[in-house]
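protein23.pdb follows; it contains PDB, C-alpha atoms, pLDDT in the B column.
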```
ATOM      1  CA  MET P   1     149.173 149.606  56.664  1.00 45.00           C
ATOM      2  CA  ASN P   2     145.489 149.834  55.799  1.00 46.00           C
ATOM      3  CA  PRO P   3     144.233 146.410  54.584  1.00 47.00           C
ATOM      4  CA  ARG P   4     141.905 148.159  52.151  1.00 51.00           C
ATOM      5  CA  ASN P   5     144.904 149.513  50.239  1.00 58.00           C
ATOM      6  CA  LEU P   6     146.581 146.144  49.757  1.00 57.00           C
ATOM      7  CA  THR P   7     146.755 144.606  46.294  1.00 62.00           C
ATOM      8  CA  PRO P   8     146.082 140.898  45.613  1.00 56.00           C
ATOM      9  CA  LEU P   9     149.863 140.397  45.426  1.00 58.00           C
ATOM     10  CA  ASP P  10     150.278 142.063  48.836  1.00 62.00           C
ATOM     11  CA  HIS P  11     147.684 139.720  50.287  1.00 55.00           C
ATOM     12  CA  ALA P  12     149.443 136.726  48.715  1.00 58.00           C
ATOM     13  CA  ILE P  13     152.812 137.732  50.202  1.00 61.00           C
ATOM     14  CA  ILE P  14     151.311 138.296  53.656  1.00 60.00           C
ATOM     15  CA  GLY P  15     149.489 134.983  53.373  1.00 58.00           C
ATOM     16  CA  LEU P  16     152.685 133.194  52.396  1.00 60.00           C
ATOM     17  CA  ASP P  17     154.485 134.628  55.421  1.00 64.00           C
ATOM     18  CA  ARG P  18     151.714 133.429  57.718  1.00 62.00           C
ATOM     19  CA  THR P  19     151.660 130.041  56.017  1.00 60.00           C
ATOM     20  CA  LEU P  20     155.370 129.436  56.465  1.00 60.00           C
ATOM     21  CA  GLY P  21     155.042 130.254  60.145  1.00 60.00           C
ATOM     22  CA  ALA P  22     152.041 127.947  60.503  1.00 55.00           C
ATOM     23  CA  ALA P  23     153.282 125.015  58.447  1.00 55.00           C
ATOM     24  CA  PHE P  24     156.916 124.890  59.506  1.00 57.00           C
ATOM     25  CA  GLY P  25     156.905 126.237  63.050  1.00 46.00           C
ATOM     26  CA  ARG P  26     154.930 128.516  65.267  1.00 57.00           C
ATOM     27  CA  PRO P  27     152.490 131.035  63.796  1.00 57.00           C
ATOM     28  CA  SER P  28     153.746 134.590  63.635  1.00 53.00           C
ATOM     29  CA  ARG P  29     151.161 136.044  65.995  1.00 55.00           C
ATOM     30  CA  SER P  30     148.710 135.348  68.793  1.00 54.00           C
ATOM     31  CA  ILE P  31     146.581 138.230  70.045  1.00 62.00           C
ATOM     32  CA  ASP P  32     144.562 136.414  72.702  1.00 74.00           C
ATOM     33  CA  GLU P  33     146.196 134.447  75.471  1.00 81.00           C
ATOM     34  CA  SER P  34     145.566 130.732  75.322  1.00 84.00           C
ATOM     35  CA  PRO P  35     142.552 129.633  77.405  1.00 83.00           C
ATOM     36  CA  GLY P  36     144.790 126.875  78.710  1.00 84.00           C
ATOM     37  CA  HIS P  37     147.044 129.346  80.525  1.00 83.00           C
ATOM     38  CA  ALA P  38     144.404 130.019  83.166  1.00 80.00           C
ATOM     39  CA  VAL P  39     144.019 126.331  83.992  1.00 82.00           C
ATOM     40  CA  PRO P  40     146.425 124.609  86.409  1.00 81.00           C
ATOM     41  CA  GLU P  41     148.279 121.648  84.943  1.00 79.00           C
ATOM     42  CA  SER P  42     147.102 118.257  86.157  1.00 80.00           C
ATOM     43  CA  ARG P  43     149.124 115.092  86.438  1.00 86.00           C
ATOM     44  CA  LEU P  44     148.448 112.849  83.446  1.00 89.00           C
ATOM     45  CA  THR P  45     149.417 109.248  82.946  1.00 90.00           C
ATOM     46  CA  MET P  46     151.694 108.508  79.999  1.00 92.00           C
ATOM     47  CA  GLU P  47     148.771 106.972  78.120  1.00 92.00           C
ATOM     48  CA  GLU P  48     146.598 110.046  78.743  1.00 92.00           C
ATOM     49  CA  ARG P  49     149.394 112.376  77.686  1.00 92.00           C
ATOM     50  CA  VAL P  50     149.993 110.509  74.424  1.00 93.00           C
ATOM     51  CA  HIS P  51     146.271 110.431  73.614  1.00 94.00           C
ATOM     52  CA  ALA P  52     145.788 114.123  74.429  1.00 94.00           C
ATOM     53  CA  ALA P  53     148.794 115.007  72.268  1.00 94.00           C
ATOM     54  CA  GLY P  54     147.392 113.006  69.365  1.00 93.00           C
ATOM     55  CA  LEU P  55     144.081 114.843  69.567  1.00 94.00           C
ATOM     56  CA  MET P  56     145.739 118.250  69.838  1.00 93.00           C
ATOM     57  CA  ARG P  57     147.977 117.350  66.883  1.00 94.00           C
ATOM     58  CA  VAL P  58     144.817 116.702  64.864  1.00 92.00           C
ATOM     59  CA  ASN P  59     143.441 120.069  65.961  1.00 92.00           C
ATOM     60  CA  HIS P  60     146.700 121.778  65.011  1.00 92.00           C
ATOM     61  CA  ALA P  61     146.599 120.162  61.552  1.00 89.00           C
ATOM     62  CA  GLY P  62     143.007 121.328  61.187  1.00 87.00           C
ATOM     63  CA  GLU P  63     144.040 124.896  61.967  1.00 86.00           C
ATOM     64  CA  VAL P  64     146.795 124.732  59.347  1.00 87.00           C
ATOM     65  CA  ALA P  65     144.139 123.629  56.851  1.00 85.00           C
ATOM     66  CA  ALA P  66     141.822 126.406  58.046  1.00 82.00           C
ATOM     67  CA  GLN P  67     144.530 128.982  57.385  1.00 81.00           C
ATOM     68  CA  ALA P  68     144.857 127.734  53.827  1.00 82.00           C
ATOM     69  CA  LEU P  69     141.098 127.679  53.324  1.00 80.00           C
ATOM     70  CA  TYR P  70     140.551 131.236  54.515  1.00 80.00           C
ATOM     71  CA  GLN P  71     143.588 132.610  52.708  1.00 79.00           C
ATOM     72  CA  ALA P  72     142.497 131.009  49.438  1.00 81.00           C
ATOM     73  CA  HIS P  73     138.962 132.369  49.675  1.00 78.00           C
ATOM     74  CA  ALA P  74     140.212 135.822  50.666  1.00 76.00           C
ATOM     75  CA  LEU P  75     142.647 135.874  47.751  1.00 79.00           C
ATOM     76  CA  TRP P  76     139.993 135.045  45.142  1.00 78.00           C
ATOM     77  CA  ALA P  77     136.962 136.744  46.727  1.00 74.00           C
ATOM     78  CA  HIS P  78     135.075 139.011  44.336  1.00 76.00           C
ATOM     79  CA  ASP P  79     133.471 141.202  46.998  1.00 76.00           C
ATOM     80  CA  ARG P  80     135.785 143.422  49.058  1.00 78.00           C
ATOM     81  CA  GLN P  81     133.720 143.123  52.252  1.00 74.00           C
ATOM     82  CA  THR P  82     133.750 139.346  51.924  1.00 74.00           C
ATOM     83  CA  GLN P  83     137.505 139.422  51.504  1.00 75.00           C
ATOM     84  CA  LEU P  84     138.001 141.532  54.632  1.00 75.00           C
ATOM     85  CA  ALA P  85     135.693 139.293  56.671  1.00 73.00           C
ATOM     86  CA  LEU P  86     137.603 136.189  55.587  1.00 75.00           C
ATOM     87  CA  GLU P  87     140.921 137.798  56.431  1.00 75.00           C
ATOM     88  CA  GLN P  88     139.634 138.674  59.905  1.00 74.00           C
ATOM     89  CA  ALA P  89     138.518 135.079  60.451  1.00 75.00           C
ATOM     90  CA  ALA P  90     141.929 133.849  59.300  1.00 76.00           C
ATOM     91  CA  ARG P  91     143.620 136.103  61.851  1.00 77.00           C
ATOM     92  CA  GLU P  92     141.434 134.658  64.597  1.00 77.00           C
ATOM     93  CA  GLU P  93     142.338 131.157  63.441  1.00 79.00           C
ATOM     94  CA  GLU P  94     146.001 132.062  63.928  1.00 83.00           C
ATOM     95  CA  ASP P  95     145.297 132.279  67.656  1.00 86.00           C
ATOM     96  CA  HIS P  96     143.906 128.740  67.566  1.00 88.00           C
ATOM     97  CA  LEU P  97     147.002 127.581  65.757  1.00 89.00           C
ATOM     98  CA  ALA P  98     149.267 129.178  68.349  1.00 89.00           C
ATOM     99  CA  TRP P  99     147.286 127.689  71.236  1.00 91.00           C
ATOM    100  CA  CYS P 100     147.477 124.187  69.754  1.00 91.00           C
ATOM    101  CA  ALA P 101     151.217 124.536  69.125  1.00 90.00           C
ATOM    102  CA  GLU P 102     151.807 125.672  72.706  1.00 90.00           C
ATOM    103  CA  ARG P 103     149.712 122.840  74.096  1.00 92.00           C
ATOM    104  CA  LEU P 104     151.559 120.238  72.038  1.00 93.00           C
ATOM    105  CA  GLU P 105     154.839 121.520  73.423  1.00 91.00           C
ATOM    106  CA  ALA P 106     153.479 121.390  76.968  1.00 91.00           C
ATOM    107  CA  LEU P 107     152.448 117.782  76.374  1.00 92.00           C
ATOM    108  CA  GLY P 108     155.953 116.984  75.152  1.00 91.00           C
ATOM    109  CA  SER P 109     154.841 116.331  71.582  1.00 93.00           C
ATOM    110  CA  ARG P 110     155.032 117.885  68.114  1.00 91.00           C
ATOM    111  CA  PRO P 111     152.776 118.974  65.232  1.00 90.00           C
ATOM    112  CA  SER P 112     151.967 116.694  62.315  1.00 88.00           C
ATOM    113  CA  LEU P 113     154.863 116.056  59.941  1.00 86.00           C
ATOM    114  CA  LEU P 114     152.408 116.444  57.043  1.00 86.00           C
ATOM    115  CA  GLN P 115     151.593 120.099  57.690  1.00 85.00           C
ATOM    116  CA  PRO P 116     152.679 121.319  54.227  1.00 85.00           C
ATOM    117  CA  PHE P 117     150.413 118.700  52.668  1.00 85.00           C
ATOM    118  CA  TRP P 118     147.410 119.786  54.769  1.00 84.00           C
ATOM    119  CA  TYR P 119     148.005 123.396  53.791  1.00 86.00           C
ATOM    120  CA  ALA P 120     148.554 122.782  50.067  1.00 84.00           C
ATOM    121  CA  GLY P 121     145.525 120.510  49.705  1.00 84.00           C
ATOM    122  CA  SER P 122     143.219 122.916  51.528  1.00 82.00           C
ATOM    123  CA  PHE P 123     144.480 125.899  49.554  1.00 84.00           C
ATOM    124  CA  VAL P 124     143.772 124.153  46.257  1.00 85.00           C
ATOM    125  CA  ILE P 125     140.294 123.081  47.385  1.00 81.00           C
ATOM    126  CA  GLY P 126     139.507 126.573  48.680  1.00 79.00           C
ATOM    127  CA  SER P 127     140.718 128.162  45.450  1.00 82.00           C
ATOM    128  CA  VAL P 128     138.619 125.851  43.284  1.00 81.00           C
ATOM    129  CA  ALA P 129     135.513 126.500  45.386  1.00 76.00           C
ATOM    130  CA  SER P 130     136.067 130.262  45.108  1.00 76.00           C
ATOM    131  CA  LEU P 131     136.122 130.085  41.315  1.00 78.00           C
ATOM    132  CA  PHE P 132     132.374 129.407  41.424  1.00 80.00           C
ATOM    133  CA  GLY P 133     131.742 132.700  43.214  1.00 78.00           C
ATOM    134  CA  ASP P 134     131.684 134.093  46.716  1.00 80.00           C
ATOM    135  CA  ARG P 135     128.412 132.390  47.685  1.00 83.00           C
ATOM    136  CA  TRP P 136     129.831 128.937  47.027  1.00 83.00           C
ATOM    137  CA  GLY P 137     133.194 129.810  48.560  1.00 78.00           C
ATOM    138  CA  LEU P 138     131.437 130.996  51.721  1.00 82.00           C
ATOM    139  CA  GLY P 139     129.262 127.899  51.624  1.00 84.00           C
ATOM    140  CA  PHE P 140     132.388 125.765  51.679  1.00 81.00           C
ATOM    141  CA  VAL P 141     133.682 127.754  54.662  1.00 82.00           C
ATOM    142  CA  ALA P 142     130.378 127.420  56.525  1.00 86.00           C
ATOM    143  CA  GLU P 143     130.166 123.659  56.004  1.00 87.00           C
ATOM    144  CA  THR P 144     133.813 123.207  56.960  1.00 85.00           C
ATOM    145  CA  GLU P 145     133.280 125.101  60.189  1.00 87.00           C
ATOM    146  CA  ARG P 146     130.133 123.119  61.015  1.00 89.00           C
ATOM    147  CA  GLN P 147     132.051 119.882  60.586  1.00 88.00           C
ATOM    148  CA  VAL P 148     134.910 121.247  62.684  1.00 89.00           C
ATOM    149  CA  VAL P 149     132.479 122.097  65.491  1.00 91.00           C
ATOM    150  CA  ARG P 150     131.232 118.495  65.526  1.00 91.00           C
ATOM    151  CA  HIS P 151     134.812 117.263  65.431  1.00 90.00           C
ATOM    152  CA  LEU P 152     135.808 119.449  68.408  1.00 93.00           C
ATOM    153  CA  GLU P 153     132.777 118.337  70.380  1.00 93.00           C
ATOM    154  CA  SER P 154     133.880 114.741  69.887  1.00 92.00           C
ATOM    155  CA  HIS P 155     137.343 115.690  71.166  1.00 93.00           C
ATOM    156  CA  LEU P 156     135.802 117.138  74.319  1.00 93.00           C
ATOM    157  CA  GLU P 157     134.360 113.685  74.934  1.00 92.00           C
ATOM    158  CA  GLN P 158     137.649 111.927  74.166  1.00 92.00           C
ATOM    159  CA  LEU P 159     140.174 114.143  75.963  1.00 93.00           C
ATOM    160  CA  PRO P 160     141.236 112.904  79.417  1.00 92.00           C
ATOM    161  CA  LYS P 161     139.062 114.459  82.106  1.00 90.00           C
ATOM    162  CA  ALA P 162     142.227 115.498  83.947  1.00 91.00           C
ATOM    163  CA  ASP P 163     143.539 117.485  80.965  1.00 93.00           C
ATOM    164  CA  ALA P 164     141.668 120.674  81.809  1.00 92.00           C
ATOM    165  CA  ALA P 165     144.073 122.876  79.813  1.00 93.00           C
ATOM    166  CA  SER P 166     143.468 121.074  76.507  1.00 94.00           C
ATOM    167  CA  ARG P 167     139.741 120.981  77.181  1.00 93.00           C
ATOM    168  CA  ALA P 168     139.639 124.750  77.786  1.00 93.00           C
ATOM    169  CA  ILE P 169     141.393 125.366  74.465  1.00 94.00           C
ATOM    170  CA  VAL P 170     139.085 123.052  72.537  1.00 94.00           C
ATOM    171  CA  ARG P 171     135.966 124.622  74.069  1.00 93.00           C
ATOM    172  CA  ARG P 172     137.083 128.100  73.023  1.00 93.00           C
ATOM    173  CA  MET P 173     137.954 126.892  69.529  1.00 92.00           C
ATOM    174  CA  ARG P 174     134.551 125.217  69.205  1.00 93.00           C
ATOM    175  CA  ASP P 175     132.764 128.446  70.107  1.00 92.00           C
ATOM    176  CA  ASP P 176     134.850 130.504  67.663  1.00 89.00           C
ATOM    177  CA  GLU P 177     134.332 128.034  64.796  1.00 89.00           C
ATOM    178  CA  SER P 178     130.585 128.039  65.387  1.00 91.00           C
ATOM    179  CA  ARG P 179     130.611 131.827  65.161  1.00 89.00           C
ATOM    180  CA  HIS P 180     132.620 131.701  61.925  1.00 86.00           C
ATOM    181  CA  ALA P 181     130.066 129.328  60.392  1.00 88.00           C
ATOM    182  CA  THR P 182     127.232 131.676  61.369  1.00 89.00           C
ATOM    183  CA  GLN P 183     129.077 134.682  59.950  1.00 84.00           C
ATOM    184  CA  ALA P 184     129.625 132.884  56.649  1.00 84.00           C
ATOM    185  CA  MET P 185     125.911 132.069  56.374  1.00 87.00           C
ATOM    186  CA  LEU P 186     124.922 135.644  57.221  1.00 85.00           C
ATOM    187  CA  SER P 187     127.318 136.844  54.513  1.00 82.00           C
ATOM    188  CA  GLY P 188     125.359 134.953  51.873  1.00 83.00           C
ATOM    189  CA  ALA P 189     126.824 131.457  51.857  1.00 83.00           C
ATOM    190  CA  ALA P 190     125.123 128.903  49.637  1.00 83.00           C
ATOM    191  CA  GLU P 191     124.166 125.493  51.075  1.00 86.00           C
ATOM    192  CA  LEU P 192     126.424 122.842  49.563  1.00 82.00           C
ATOM    193  CA  PRO P 193     124.922 119.741  47.907  1.00 82.00           C
ATOM    194  CA  GLY P 194     124.739 116.601  50.058  1.00 83.00           C
ATOM    195  CA  PRO P 195     127.384 114.615  48.124  1.00 84.00           C
ATOM    196  CA  VAL P 196     129.867 117.475  48.518  1.00 81.00           C
ATOM    197  CA  ARG P 197     129.279 117.610  52.275  1.00 84.00           C
ATOM    198  CA  THR P 198     129.749 113.855  52.485  1.00 86.00           C
ATOM    199  CA  LEU P 199     133.022 113.987  50.549  1.00 82.00           C
ATOM    200  CA  MET P 200     134.277 116.770  52.820  1.00 81.00           C
ATOM    201  CA  GLY P 201     133.505 114.588  55.839  1.00 82.00           C
ATOM    202  CA  VAL P 202     135.417 111.653  54.367  1.00 83.00           C
ATOM    203  CA  MET P 203     138.466 113.834  53.683  1.00 81.00           C
ATOM    204  CA  ALA P 204     138.320 115.300  57.200  1.00 82.00           C
ATOM    205  CA  ARG P 205     138.205 111.788  58.641  1.00 84.00           C
ATOM    206  CA  LEU P 206     141.265 110.807  56.611  1.00 83.00           C
ATOM    207  CA  MET P 207     143.193 113.808  57.914  1.00 84.00           C
ATOM    208  CA  THR P 208     142.123 113.037  61.484  1.00 85.00           C
ATOM    209  CA  LEU P 209     143.315 109.431  61.338  1.00 86.00           C
ATOM    210  CA  THR P 210     146.616 110.397  59.737  1.00 89.00           C
ATOM    211  CA  ALA P 211     147.491 113.486  61.798  1.00 89.00           C
ATOM    212  CA  TYR P 212     146.811 111.662  65.073  1.00 87.00           C
ATOM    213  CA  ARG P 213     149.830 109.442  64.399  1.00 87.00           C
ATOM    214  CA  ILE P 214     152.064 111.269  61.920  1.00 86.00           C
TER     215      ILE P 214
END
```
What does the file become when written as structure tokens?
Amino acid sequence: MNPRNLTPLDHAIIGLDRTLGAAFGRPSRSIDESPGHAVPESRLTMEERVHAAGLMRVNHAGEVAAQALYQAHALWAHDRQTQLALEQAAREEEDHLAWCAERLEALGSRPSLLQPFWYAGSFVIGSVASLFGDRWGLGFVAETERQVVRHLESHLEQLPKADAASRAIVRRMRDDESRHATQAMLSGAAELPGPVRTLMGVMARLMTLTAYRI
């Protein structure tokens, strides 16, 4: 089916299907093989395994939120090219979601129990931002991705050195998120006011602290 021929309702139904897969189980698709597959497993202590799982659970929760953010902006985008670009980014984020889910399973852990909450909150925020126009919606995406890049870089410092598989996944995610931020800016994103960026950082910190444990 040609994406250009889909109606807003079609996009909503497809988005709902992807959301259910992301929030309540594994995502429905993964085009690229996980970067972690090419890395031999190393022996981790129980403490290292628990810590790595907590960090990857945070990353998984962030990808659930990213799905909601991109789907919301794509649904309400005024410009067709902007909508298609956002949908493409969302599809790439599905790979990240799948990689994090696979890694959590390999570490003997599980995703956050609050996944539906992360999705719903991000979808509402993304929808509200989009009401102010594509430039501000893209600006929200760009700032989110910039903060995610910093967050992933901190995880590269915190992950056990022996956990090469998780580190390979996080490095690839960091590079993709940086590219998404650049694409959003090139598409005409507006720079968000300082207080908004600060509030976004506070909310991201809250999700990080919660998803690590729950």
Taking the file as shown, what set of residues would the PyMOL selection byres ((chain P and resi 79) around 12) give back, as a PyMOL selection string? chain P and resi 73-78+80-86+130+133-135+137-138+187-188
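Pairwise distance (CA of Glu105 in chain P, CA of Leu156 in chain P) equals 19.6 Å.
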List as a PyMOL selection string the protein and nucleic acid residues near Arg167 in chain P, meaning an atom at most 12 Å away when all atoms listed in the file are counted, but skip any in the same chain fewer than 5 places from it. chain P and resi 34-42+52-53+55-56+59+99-100+103+152-162+172-174
Please write the residues picked by the PyMOL selection byres ((chain P and resi 214) around 10) on this file as a PyMOL selection string. chain P and resi 54+57-58+110-115+209-213
So which one's closest to Asp95 in chain P, P:Leu192, P:Ala142, P:Leu131, P:Val64? Using only C-alpha atoms, please. P:Val64
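Nearest residue to Thr208 in chain P, choosing from P:Ala61, P:Ala165, P:Met185, P:Val170 and counting all atoms listed in the file: P:Ala61.
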Residues of range 147-186 of chain P that approach range 194-202 of chain P to 12 Å or less, counting all atoms listed in the file: could you list each one with the shortest pair of atoms and its distance in Å to one decimal, rows by chain and increasing residue number, as CSV?
```
residue,atom,partner,partner_atom,distance
P:Gln147,CA,P:Gly201,CA,7.3
P:Val148,CA,P:Gly201,CA,9.7
P:Arg150,CA,P:Gly201,CA,10.7
P:His151,CA,P:Gly201,CA,10.0
```
Just checking: using all atoms listed in the file, which residue out of P:Tyr70, P:Thr45, P:Leu104, P:Ala98 ends up closest to Val124 in chain P? P:Tyr70
Would you pick out the contacts of Gly121 in chain P at 12 Å or less, using only C-alpha atoms, so that residues sharing its chain but fewer than 3 positions from it are not included, and give the list as a PyMOL selection string? chain P and resi 61-62+64-69+72+114-118+124-128+203-204+207
